[in-house]
Amino acid sequence: ELLASNFRTFADFKTVFHSSQRLQCAKVESTEEREWVRIVAMRHDLLLWAPDSRANKPRYAVPYVPHDWLVQVLELVPLTLTGHLFLEMLDVSSAKVVRGSGVWDGCVKEFVICRSPPVALVYNVEEHGRKFFKRLVFTTDASRSLHYLPPFLQPCNNVGSRIGAWKVSAGNVKTASSSSLKLPSLVIRRNLSSKLGEQTLIPARLLLGVVPDALL
């Protein structure tokens with residue numbers, strides 16, 4: 001049968017297949033949450049997932065309590081942290097790197113907070129085919145990021161060696177994620193040979209800030 005139009009609307013589909021191709025497919029499995037088809041003569045499978053209806057929850061459980069060095073690093077993050085941010089550990093006094101997560105307006109965000117050099121990286125947690133990926137949306141120091149984000153200046157009172165110092169932050173911490181918007185997702189897999197095995201497309205947008213931009 002002819003591939004349904006709801007598969008063809010995804011940007012990932014257009015990246016792999018020519019938009020004008022009239023593709024034939026065979027249905028492999030159909031459930032309430034997922035439609036799985038196989039493209040005829042191309043050894044590619046398409047898995048169309050319905051929006052994830054599960055509630056978004058933070059990954060960690062220790063409530064954030066302002067601590068000397070954490071406050072200094074997080075002062076440039078324009079979010080209400082107390083009551084929203086949860087950390088991976090209780091005692092952060094001697095930690096060099098602390099990870100955290102929280103939910104803001106239905107969007108799960110993960111933090112990587114480094115003591116020295118002082119920088120906080122904020123990622124959106126994106127659901128894609130019931131798997132979760134991190135996408136960088138904000139950094140308190142644009143020079144220490146693997147992904148380019150639009151930079152802007154912010155005054156920092158605690159971070160730095162002198163009063164009145166400025167720091168170049170980048171990105172928009174309030175960027176919404178696909179998980180918070182409850183959007184469907186399309187997973188594209190292929191099995192070209194037994195030597196290569198099954199391969200799954202990981203869209204570049206789901207690796208921003210995790211893999212250097214030069215490799216995407």
# chains A, B, ... in the order shown; residues from 1 in each chain; ligands from 1
>>> residues_around(residues="His67 in chain A", least_positions_apart="5", cutoff="9 Å", atoms="only C-alpha atoms", output="VMD selection string")
chain A and resid 72 92 to 93
>>> closest_atom_pairs(of="range 65-146 of chain A", to="range 179-184 of chain A", cutoff="9 Å", atoms="only C-alpha atoms", output="tab-separated table")
residue	atom	partner	partner_atom	distance
A:Asp105	CA	A:Ser180	CA	7.6
A:Gly106	CA	A:Ser180	CA	5.1
A:Cys107	CA	A:Ser180	CA	4.7
A:Val108	CA	A:Ser180	CA	7.5
A:Asn124	CA	A:Ser179	CA	9.0
A:Val125	CA	A:Ser179	CA	7.4
A:Glu126	CA	A:Ser179	CA	5.6
A:Glu127	CA	A:Ser179	CA	5.4
A:His128	CA	A:Pro184	CA	8.2
A:Gly129	CA	A:Pro184	CA	8.4
>>> closest_residue(among="A:Ala50, A:Phe17, A:Val173, A:Arg115", to="Phe138 in chain A", atoms="only C-alpha atoms")
A:Val173
>>> residues_around(residues="Lys109 in chain A", least_positions_apart="3", cutoff="7 Å", atoms="only C-alpha atoms", output="list in words")
Ser101, Gly102, Val103, Val122, Tyr123, Asn124 and Val125 of chain A
>>> write_last_selection(atoms="N, CA and C atoms", output="compact mmCIF listing (two decimals), in the first residue's frame")
# COMPACT_ATOMS: atom_id res chain seq x y z
N SER A 101 17.94 18.06 37.77
CA SER A 101 16.83 18.09 36.82
C SER A 101 15.60 18.67 37.50
N GLY A 102 14.68 19.11 36.68
CA GLY A 102 13.44 19.66 37.19
C GLY A 102 12.45 19.86 36.07
N VAL A 103 11.24 20.26 36.44
CA VAL A 103 10.17 20.46 35.47
C VAL A 103 9.67 21.90 35.58
N VAL A 122 22.26 23.93 30.61
CA VAL A 122 20.87 23.53 30.78
C VAL A 122 20.39 22.85 29.50
N TYR A 123 19.86 21.64 29.64
CA TYR A 123 19.40 20.84 28.50
C TYR A 123 17.89 20.60 28.61
N ASN A 124 17.22 20.61 27.49
CA ASN A 124 15.85 20.10 27.43
C ASN A 124 15.90 18.59 27.24
N VAL A 125 15.06 17.87 27.96
CA VAL A 125 14.95 16.43 27.77
C VAL A 125 13.87 16.19 26.72
>>> closest_residue(among="A:Tyr148, A:Phe10, A:Trp69, A:Phe132", to="Ile113 in chain A", atoms="only C-alpha atoms")
A:Trp69
>>> atom_distance(atom1="CA of His84 in chain A", atom2="CA of Asp141 in chain A")
22.3 Å
>>> closest_residue(among="A:Leu208, A:Val187, A:Leu153, A:Val112", to="Trp49 in chain A", atoms="only C-alpha atoms")
A:Val187
>>> select_by_dssp(residues="chain A", states="strand (DSSP E)", output="VMD selection string")
chain A and resid 25 to 30 34 to 39 44 to 49 62 to 63 85 to 87 97 to 104 107 to 114 119 to 128 131 to 139 151 to 156 165 to 171 185 to 190 199 to 200
>>> residues_around(residues="Phe86 in chain A", least_positions_apart="6", cutoff="6 Å", atoms="only C-alpha atoms", output="JSON, numbers by chain")
{"A": [60, 61, 62, 63, 64, 100, 101, 102]}
>>> write_last_selection(atoms="C-alpha atoms", output="compact mmCIF listing (two decimals), in the first residue's frame")
# COMPACT_ATOMS: atom_id res chain seq x y z
CA TYR A 60 16.70 13.16 40.54
CA ALA A 61 15.10 13.36 43.99
CA VAL A 62 17.25 15.57 46.27
CA PRO A 63 15.69 19.06 46.55
CA TYR A 64 18.02 21.92 45.63
CA GLY A 100 20.25 18.10 38.44
CA SER A 101 16.83 18.09 36.82
CA GLY A 102 13.44 19.66 37.19
>>> residues_around(residues="Phe13 in chain A", least_positions_apart="2", cutoff="12 Å", atoms="only C-alpha atoms", output="list in words")
Leu3, Ser5, Asn6, Phe7, Arg8, Thr9, Phe10, Ala11, Thr15, Val16, Phe17, His18, Ser19, Ser20, Gln21, Leu23, His44, Asp45, Leu46, Leu47, Leu48, Ser185, Leu186, Val187, Ile188, Arg189, Leu201, Ile202 and Pro203 of chain A
>>> residues_around(residues="Arg43 in chain A", least_positions_apart="2", cutoff="8 Å", atoms="only C-alpha atoms", output="PyMOL selection string")
chain A and resi 38-41+45+190-192
>>> closest_residue(among="A:Leu146, A:Gly209, A:Val71, A:Ala4", to="Trp36 in chain A", atoms="only C-alpha atoms")
A:Ala4
>>> closest_residue(among="A:Ser30, A:Asn56, A:Gln199, A:Thr139", to="Val119 in chain A", atoms="only C-alpha atoms")
A:Thr139
>>> atom_distance(atom1="CA of Arg144 in chain A", atom2="CA of Ala214 in chain A")
14.8 Å
